[in-house]
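Report on the following structure.
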Amino acid sequence: MHDIPTTIRFPQGVFNELQSRLLQDSSREAFALLSGKRTTKDGFCVIKVTDAYYPSPDDYDEQSISSLRLKRSFIYDKLVKLQQSGNNDTLIDVHTHPFCSDSVAFSAVDDHDEDTFHRWLTATLDGFHYASIVLSQTDYAARTWEIDGENSVHCAARIKTQTAGENWPCAEIKCHQDVAMESFKIQNGFLARSALALGLETLRRVTNDQTIGIIGVGGLGSVIAENLIHSGFHAIHLIDPDRVEVTNLNRIVGAYYSDAEANRLKVAVVKEHLQRINPAAVVYAHAIGVEDEAALAALMQCDWLIVTTDNHFSRYQAQNIAIQLGAPLISAGVNITVEGQNVTDMSGEVITARNGDGLCLNCLGRINPTAVAAHEHRGEFVGDELVRRGYVSGHEVKEPAVKTLNAIVGALTVDVLLNQYTYRQSHEPIWVYENNQGPALYADSDSASSRLENCYFCS
Ligand SMILES: [Zn+2]
Ligand SMILES: [Zn+2]
């Protein structure tokens, strides 16, 4: 029943802060309380960490190398606060075992204390869930607690942060033999040259520990998918309900004339292409839109979401799911404007919205709320009225599209993603490619700094 481990997702920088604050004094155990919001679907569970609370020295009753006891008032105060906030449904307690130099596990005392606390919490607060984490200097163990009939049972959980720069724990490979075997496979397989450029450590993480979800696998999404496979990503979810048409063949990577003739699904065609390059890759084809309920379960398994669709409604949906799950989102988009005989704009942009960065497609003004409303109410009076008044177009407009622009922006997207693992360059939330006066690539920091403050969605 609990085959799929729960994922505890940390916002940018929070896991790092937790580690450094709790482990700075190796002479005694330390404690922190995290609040979280759970999403469950089809057996998957993601807990998004929403806040961290650190007790002051006065909040401890006792604190030694092998034990700690907090004043009850600290816990009660925080619980009242969490209950009032209404945005949280999970309590995660974190403590350290500073005496463990490497691998760490919950002790029998932890089992007993947490079991007691969980029973108390469940009896006291309705609908609150409980999880716990124990940290050593280099390792962690995490678990969730559930009531199963009369018993209180715990199930292993895993921690995920968004970037390699946060010193995240990669629990997938622990034994040295596995590391040696994985390294051998990478250095002697098709990633040998990539390993020389990106480093073995990056590729080990990319191949073993990371799953990417692509929403929209048309001209841009298919290029991104191909770049991901060539970069070593082994687990990819493709989400797109559309079928290949002859007019798509000028830009969809992996699509052949026969695919258009047979009117095949884009996700099936691109999946086949990816697995021809790397038969060991696990590619899931979901022939659904992101607004379909089943897309949520697929995206819950992903470390990064990439949205490439050209309509406001699906971008809005993708951003909402990313915020709900605490998952980082990359949005890639292109634009070609033709006036009369002239191309007046040919450009694209790649936006990275990580949880905790305080920006999203909404506050950056990249989503038109009227277009979202019109889509949500299409076929009803409100939607028709918006179309009639010219606020939005009534049907999918056939936009001009060329492969060169998609190829450049698609490759840039995967480059931006890889930088989250290598941290070769400092992070920029918005990159723009423009081919008007001539090809130009620049960071759009103006747009990021002038975003709407106190965003309803992401702040
Ligand atoms: Zn302990
Ligand atoms: Zn926002």
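Residue numbering restarts at 1 for every chain of the structure tokens, chains are lettered A, B, ... in their displayed order, and ligands are numbered from 1 as they appear.
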
Test item: residues no farther than 8 Å from ligand 1, counting only C-alpha atoms and all ligand atoms, as a list in words: Ser66, Ser67, His95, Thr96, His97, Ala105, Phe106, Ser107, Val109, Asp110 and Val134 of chain A

Hey, can you spit out that residue selection with N, CA and C atoms as a PDB file, in the first residue's frame?
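The resulting file, result_32.pdb, is reproduced below:
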```pdb
ATOM      1  N   SER A  66      22.841  13.687  23.075  1.00  0.00           N
ATOM      2  CA  SER A  66      22.040  12.533  22.654  1.00  0.00           C
ATOM      3  C   SER A  66      20.558  12.661  22.974  1.00  0.00           C
ATOM      4  N   SER A  67      20.148  13.829  23.421  1.00  0.00           N
ATOM      5  CA  SER A  67      18.712  13.991  23.665  1.00  0.00           C
ATOM      6  C   SER A  67      18.336  15.466  23.664  1.00  0.00           C
ATOM      7  N   HIS A  95      14.981  16.807  13.846  1.00  0.00           N
ATOM      8  CA  HIS A  95      16.014  16.887  14.879  1.00  0.00           C
ATOM      9  C   HIS A  95      17.303  16.273  14.358  1.00  0.00           C
ATOM     10  N   THR A  96      18.369  16.452  15.098  1.00  0.00           N
ATOM     11  CA  THR A  96      19.681  16.010  14.618  1.00  0.00           C
ATOM     12  C   THR A  96      20.227  14.873  15.483  1.00  0.00           C
ATOM     13  N   HIS A  97      21.100  14.098  14.887  1.00  0.00           N
ATOM     14  CA  HIS A  97      21.941  13.153  15.624  1.00  0.00           C
ATOM     15  C   HIS A  97      23.380  13.577  15.368  1.00  0.00           C
ATOM     16  N   ALA A 105      19.821   7.082  11.241  1.00  0.00           N
ATOM     17  CA  ALA A 105      18.517   6.409  11.284  1.00  0.00           C
ATOM     18  C   ALA A 105      17.788   6.863  12.543  1.00  0.00           C
ATOM     19  N   PHE A 106      16.461   6.729  12.532  1.00  0.00           N
ATOM     20  CA  PHE A 106      15.681   7.061  13.723  1.00  0.00           C
ATOM     21  C   PHE A 106      16.014   6.062  14.835  1.00  0.00           C
ATOM     22  N   SER A 107      16.099   6.530  16.073  1.00  0.00           N
ATOM     23  CA  SER A 107      16.405   5.641  17.200  1.00  0.00           C
ATOM     24  C   SER A 107      15.107   5.085  17.786  1.00  0.00           C
ATOM     25  N   VAL A 109      14.139   5.537  20.740  1.00  0.00           N
ATOM     26  CA  VAL A 109      13.543   6.641  21.506  1.00  0.00           C
ATOM     27  C   VAL A 109      12.719   7.532  20.567  1.00  0.00           C
ATOM     28  N   ASP A 110      13.288   7.806  19.365  1.00  0.00           N
ATOM     29  CA  ASP A 110      12.538   8.593  18.366  1.00  0.00           C
ATOM     30  C   ASP A 110      11.219   7.902  18.037  1.00  0.00           C
ATOM     31  N   VAL A 134      15.310  13.200  10.496  1.00  0.00           N
ATOM     32  CA  VAL A 134      16.488  13.257  11.365  1.00  0.00           C
ATOM     33  C   VAL A 134      17.710  13.497  10.479  1.00  0.00           C
TER      34      VAL A 134
END
```

Please report as a tab-separated table every residue of chain A lying within 6 Å of ligand 2, along with the nearest atom pair and their distance in Å (one decimal), using only C-alpha atoms and all ligand atoms.
```
residue	atom	partner	partner_atom_place_in_ligand_line	distance
A:Leu359	CA	ligand 2	1 (Zn)	4.4
A:Cys360	CA	ligand 2	1 (Zn)	3.9
A:Asn362	CA	ligand 2	1 (Zn)	5.1
A:Cys363	CA	ligand 2	1 (Zn)	4.1
A:Cys455	CA	ligand 2	1 (Zn)	4.5
A:Phe457	CA	ligand 2	1 (Zn)	5.1
A:Cys458	CA	ligand 2	1 (Zn)	4.1
```

All heavy atoms of the current selection, written as a tab-separated table (two decimals), in the first residue's frame:
```tsv
chain	number	residue	atom	x	y	z
A	359	LEU	N	8.59	34.58	-7.54
A	359	LEU	CA	8.07	35.03	-8.83
A	359	LEU	C	7.39	33.87	-9.54
A	359	LEU	O	7.70	32.70	-9.30
A	359	LEU	CB	9.16	35.64	-9.70
A	359	LEU	CG	10.41	34.84	-10.05
A	359	LEU	CD1	10.19	33.94	-11.26
A	359	LEU	CD2	11.55	35.80	-10.35
A	360	CYS	N	6.41	34.20	-10.36
A	360	CYS	CA	5.71	33.18	-11.15
A	360	CYS	C	5.18	33.84	-12.42
A	360	CYS	O	5.29	35.06	-12.59
A	360	CYS	CB	4.59	32.53	-10.34
A	360	CYS	SG	3.15	33.57	-10.06
A	362	ASN	N	2.29	34.52	-13.25
A	362	ASN	CA	1.22	35.47	-12.99
A	362	ASN	C	1.76	36.85	-12.66
A	362	ASN	O	1.40	37.84	-13.30
A	362	ASN	CB	0.34	34.97	-11.84
A	362	ASN	CG	-0.32	33.64	-12.16
A	362	ASN	OD1	-1.16	33.57	-13.03
A	362	ASN	ND2	0.10	32.58	-11.49
A	363	CYS	N	2.66	36.94	-11.67
A	363	CYS	CA	3.13	38.27	-11.27
A	363	CYS	C	4.11	38.86	-12.28
A	363	CYS	O	4.39	40.05	-12.27
A	363	CYS	CB	3.71	38.26	-9.85
A	363	CYS	SG	4.91	37.00	-9.50
A	455	CYS	N	2.25	38.85	-4.80
A	455	CYS	CA	1.49	38.04	-5.73
A	455	CYS	C	0.55	37.10	-4.98
A	455	CYS	O	0.95	36.43	-4.04
A	455	CYS	CB	2.46	37.23	-6.60
A	455	CYS	SG	1.68	36.05	-7.69
A	457	PHE	N	-0.62	34.40	-6.03
A	457	PHE	CA	-0.31	33.00	-6.34
A	457	PHE	C	0.96	32.49	-5.66
A	457	PHE	O	0.97	31.40	-5.11
A	457	PHE	CB	-0.19	32.83	-7.85
A	457	PHE	CG	-1.45	33.11	-8.59
A	457	PHE	CD1	-1.71	34.36	-9.10
A	457	PHE	CD2	-2.41	32.13	-8.75
A	457	PHE	CE1	-2.90	34.65	-9.75
A	457	PHE	CE2	-3.60	32.38	-9.40
A	457	PHE	CZ	-3.84	33.64	-9.91
A	458	CYS	N	2.04	33.27	-5.72
A	458	CYS	CA	3.34	32.69	-5.33
A	458	CYS	C	3.92	33.27	-4.03
A	458	CYS	O	4.91	32.76	-3.53
A	458	CYS	CB	4.35	32.81	-6.46
A	458	CYS	SG	4.92	34.48	-6.76
```

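Residues in contact with range 75-90 of chain A at 6 Å, where only C-alpha atoms are counted and same-chain residues fewer than 3 positions away are skipped, are listed as Ser35, Gly36, Lys37, Arg72, Phe128, His129 and Tyr130 of chain A.
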
What's around Leu417 in chain A at 12 Å? Count only C-alpha atoms, leave out sequence neighbours fewer than 3 positions away in its own chain, and write the answer as number ranges by chain. A: 162-164, 202, 206, 210, 212, 224, 227-228, 231, 233, 303-306, 328-332, 350-354, 410-414, 420-425, 427-429

List every residue of range 9-251 of chain A that DSSP, applied to the backbone, labels as strand (DSSP E), and write the result as an MDAnalysis selection string. chainID A and resid 9 31:41 44:53 60:63 68:70 90:96 129:135 140:148 151:160 211:215 235:239

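Atom pair CA of Arg378 in chain A / CA of Val334 in chain A: separated by 25.0 Å.
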
Find the residues near range 236-248 of chain A: any atom within 6 Å, counting only C-alpha atoms, skip ones fewer than 5 places away on the same chain, and give them as an mmCIF file with all heavy atoms, in the first residue's frame.
```cif
data_model
loop_
_atom_site.group_PDB
_atom_site.id
_atom_site.type_symbol
_atom_site.label_atom_id
_atom_site.label_comp_id
_atom_site.auth_asym_id
_atom_site.auth_seq_id
_atom_site.Cartn_x
_atom_site.Cartn_y
_atom_site.Cartn_z
ATOM 1 N N THR A 211 13.567 13.385 -12.516
ATOM 2 C CA THR A 211 12.485 13.137 -13.468
ATOM 3 C C THR A 211 11.961 14.490 -13.942
ATOM 4 O O THR A 211 11.751 15.388 -13.133
ATOM 5 C CB THR A 211 11.352 12.342 -12.781
ATOM 6 O OG1 THR A 211 11.894 11.132 -12.262
ATOM 7 C CG2 THR A 211 10.241 12.015 -13.750
ATOM 8 N N ILE A 212 11.786 14.615 -15.254
ATOM 9 C CA ILE A 212 11.356 15.893 -15.824
ATOM 10 C C ILE A 212 10.006 15.722 -16.511
ATOM 11 O O ILE A 212 9.781 14.740 -17.226
ATOM 12 C CB ILE A 212 12.382 16.415 -16.876
ATOM 13 C CG1 ILE A 212 13.822 16.356 -16.337
ATOM 14 C CG2 ILE A 212 12.015 17.826 -17.347
ATOM 15 C CD1 ILE A 212 14.124 17.274 -15.176
ATOM 16 N N GLY A 213 9.113 16.663 -16.293
ATOM 17 C CA GLY A 213 7.806 16.651 -16.951
ATOM 18 C C GLY A 213 7.738 17.743 -18.002
ATOM 19 O O GLY A 213 8.057 18.894 -17.704
ATOM 20 N N ILE A 214 7.358 17.393 -19.229
ATOM 21 C CA ILE A 214 7.221 18.395 -20.296
ATOM 22 C C ILE A 214 5.755 18.522 -20.674
ATOM 23 O O ILE A 214 5.120 17.546 -21.084
ATOM 24 C CB ILE A 214 8.040 18.017 -21.551
ATOM 25 C CG1 ILE A 214 9.500 17.723 -21.180
ATOM 26 C CG2 ILE A 214 7.985 19.142 -22.584
ATOM 27 C CD1 ILE A 214 10.334 17.272 -22.378
ATOM 28 N N ILE A 215 5.223 19.723 -20.536
ATOM 29 C CA ILE A 215 3.824 19.984 -20.869
ATOM 30 C C ILE A 215 3.795 20.664 -22.226
ATOM 31 O O ILE A 215 4.231 21.807 -22.360
ATOM 32 C CB ILE A 215 3.180 20.872 -19.780
ATOM 33 C CG1 ILE A 215 3.254 20.155 -18.429
ATOM 34 C CG2 ILE A 215 1.738 21.215 -20.143
ATOM 35 C CD1 ILE A 215 3.374 21.078 -17.245
ATOM 36 N N GLY A 216 3.356 19.915 -23.226
ATOM 37 C CA GLY A 216 3.361 20.410 -24.605
ATOM 38 C C GLY A 216 4.581 19.896 -25.348
ATOM 39 O O GLY A 216 5.699 20.298 -25.047
ATOM 40 N N ALA A 260 2.357 11.837 -39.621
ATOM 41 C CA ALA A 260 1.283 12.795 -39.917
ATOM 42 C C ALA A 260 0.166 12.107 -40.697
ATOM 43 O O ALA A 260 -1.010 12.314 -40.425
ATOM 44 C CB ALA A 260 1.845 13.977 -40.700
ATOM 45 N N ASN A 263 -1.804 10.252 -38.494
ATOM 46 C CA ASN A 263 -2.399 11.113 -37.470
ATOM 47 C C ASN A 263 -2.066 10.620 -36.046
ATOM 48 O O ASN A 263 -2.918 10.542 -35.175
ATOM 49 C CB ASN A 263 -3.915 11.162 -37.684
ATOM 50 C CG ASN A 263 -4.524 12.435 -37.123
ATOM 51 O OD1 ASN A 263 -5.577 12.396 -36.509
ATOM 52 N ND2 ASN A 263 -3.861 13.556 -37.292
ATOM 53 N N ARG A 264 -0.800 10.245 -35.839
ATOM 54 C CA ARG A 264 -0.397 9.677 -34.540
ATOM 55 C C ARG A 264 -0.319 10.746 -33.451
ATOM 56 O O ARG A 264 -0.140 11.935 -33.735
ATOM 57 C CB ARG A 264 0.967 8.983 -34.670
ATOM 58 C CG ARG A 264 0.928 7.740 -35.539
ATOM 59 C CD ARG A 264 2.301 7.097 -35.573
ATOM 60 N NE ARG A 264 2.692 6.578 -34.267
ATOM 61 C CZ ARG A 264 3.946 6.353 -33.915
ATOM 62 N NH1 ARG A 264 4.941 6.604 -34.746
ATOM 63 N NH2 ARG A 264 4.230 5.855 -32.722
ATOM 64 N N LEU A 265 -0.412 10.292 -32.203
ATOM 65 C CA LEU A 265 -0.291 11.204 -31.070
ATOM 66 C C LEU A 265 1.131 11.758 -30.994
ATOM 67 O O LEU A 265 2.108 11.017 -31.171
ATOM 68 C CB LEU A 265 -0.594 10.454 -29.764
ATOM 69 C CG LEU A 265 -2.064 10.104 -29.524
ATOM 70 C CD1 LEU A 265 -2.171 9.020 -28.461
ATOM 71 C CD2 LEU A 265 -2.852 11.352 -29.111
ATOM 72 N N LYS A 266 1.253 13.046 -30.704
ATOM 73 C CA LYS A 266 2.583 13.657 -30.573
ATOM 74 C C LYS A 266 3.404 12.972 -29.471
ATOM 75 O O LYS A 266 4.600 12.721 -29.643
ATOM 76 C CB LYS A 266 2.453 15.152 -30.254
ATOM 77 C CG LYS A 266 1.986 15.986 -31.426
ATOM 78 C CD LYS A 266 1.852 17.455 -31.029
ATOM 79 C CE LYS A 266 1.338 18.272 -32.212
ATOM 80 N NZ LYS A 266 1.041 19.675 -31.836
ATOM 81 N N VAL A 267 2.769 12.669 -28.340
ATOM 82 C CA VAL A 267 3.525 12.058 -27.233
ATOM 83 C C VAL A 267 4.074 10.682 -27.616
ATOM 84 O O VAL A 267 5.182 10.319 -27.212
ATOM 85 C CB VAL A 267 2.693 11.953 -25.919
ATOM 86 C CG1 VAL A 267 2.524 13.319 -25.270
ATOM 87 C CG2 VAL A 267 1.350 11.295 -26.142
ATOM 88 N N VAL A 283 10.356 6.715 -20.589
ATOM 89 C CA VAL A 283 9.575 7.854 -21.082
ATOM 90 C C VAL A 283 8.089 7.497 -20.978
ATOM 91 O O VAL A 283 7.663 6.437 -21.443
ATOM 92 C CB VAL A 283 9.933 8.188 -22.546
ATOM 93 C CG1 VAL A 283 9.158 9.415 -23.022
ATOM 94 C CG2 VAL A 283 11.444 8.417 -22.695
ATOM 95 N N TYR A 284 7.339 8.371 -20.326
ATOM 96 C CA TYR A 284 5.900 8.139 -20.171
ATOM 97 C C TYR A 284 5.151 9.079 -21.108
ATOM 98 O O TYR A 284 5.412 10.280 -21.113
ATOM 99 C CB TYR A 284 5.460 8.434 -18.735
ATOM 100 C CG TYR A 284 6.195 7.625 -17.691
ATOM 101 C CD1 TYR A 284 7.377 8.110 -17.121
ATOM 102 C CD2 TYR A 284 5.713 6.388 -17.271
ATOM 103 C CE1 TYR A 284 8.054 7.379 -16.154
ATOM 104 C CE2 TYR A 284 6.377 5.646 -16.304
ATOM 105 C CZ TYR A 284 7.555 6.154 -15.753
ATOM 106 O OH TYR A 284 8.216 5.432 -14.800
ATOM 107 N N ALA A 285 4.235 8.516 -21.907
ATOM 108 C CA ALA A 285 3.456 9.326 -22.839
ATOM 109 C C ALA A 285 2.040 9.488 -22.295
ATOM 110 O O ALA A 285 1.322 8.499 -22.133
ATOM 111 C CB ALA A 285 3.433 8.656 -24.209
ATOM 112 N N HIS A 286 1.656 10.720 -21.983
ATOM 113 C CA HIS A 286 0.299 10.987 -21.486
ATOM 114 C C HIS A 286 -0.433 11.828 -22.529
ATOM 115 O O HIS A 286 -0.110 13.009 -22.698
ATOM 116 C CB HIS A 286 0.341 11.775 -20.176
ATOM 117 C CG HIS A 286 1.208 11.152 -19.115
ATOM 118 N ND1 HIS A 286 0.757 10.156 -18.280
ATOM 119 C CD2 HIS A 286 2.503 11.376 -18.766
ATOM 120 C CE1 HIS A 286 1.741 9.797 -17.447
ATOM 121 N NE2 HIS A 286 2.809 10.519 -17.720
ATOM 122 N N ALA A 287 -1.389 11.208 -23.210
ATOM 123 C CA ALA A 287 -2.116 11.932 -24.260
ATOM 124 C C ALA A 287 -3.279 12.711 -23.659
ATOM 125 O O ALA A 287 -4.448 12.487 -23.974
ATOM 126 C CB ALA A 287 -2.613 10.942 -25.312
ATOM 127 N N ILE A 288 -2.929 13.636 -22.764
ATOM 128 C CA ILE A 288 -3.950 14.445 -22.080
ATOM 129 C C ILE A 288 -3.436 15.877 -21.957
ATOM 130 O O ILE A 288 -2.236 16.125 -22.080
ATOM 131 C CB ILE A 288 -4.234 13.904 -20.651
ATOM 132 C CG1 ILE A 288 -2.907 13.704 -19.878
ATOM 133 C CG2 ILE A 288 -5.033 12.635 -20.686
ATOM 134 C CD1 ILE A 288 -3.084 13.330 -18.420
ATOM 135 N N GLY A 289 -4.336 16.795 -21.695
ATOM 136 C CA GLY A 289 -3.941 18.173 -21.423
ATOM 137 C C GLY A 289 -3.565 18.307 -19.959
ATOM 138 O O GLY A 289 -3.901 17.448 -19.142
#
```
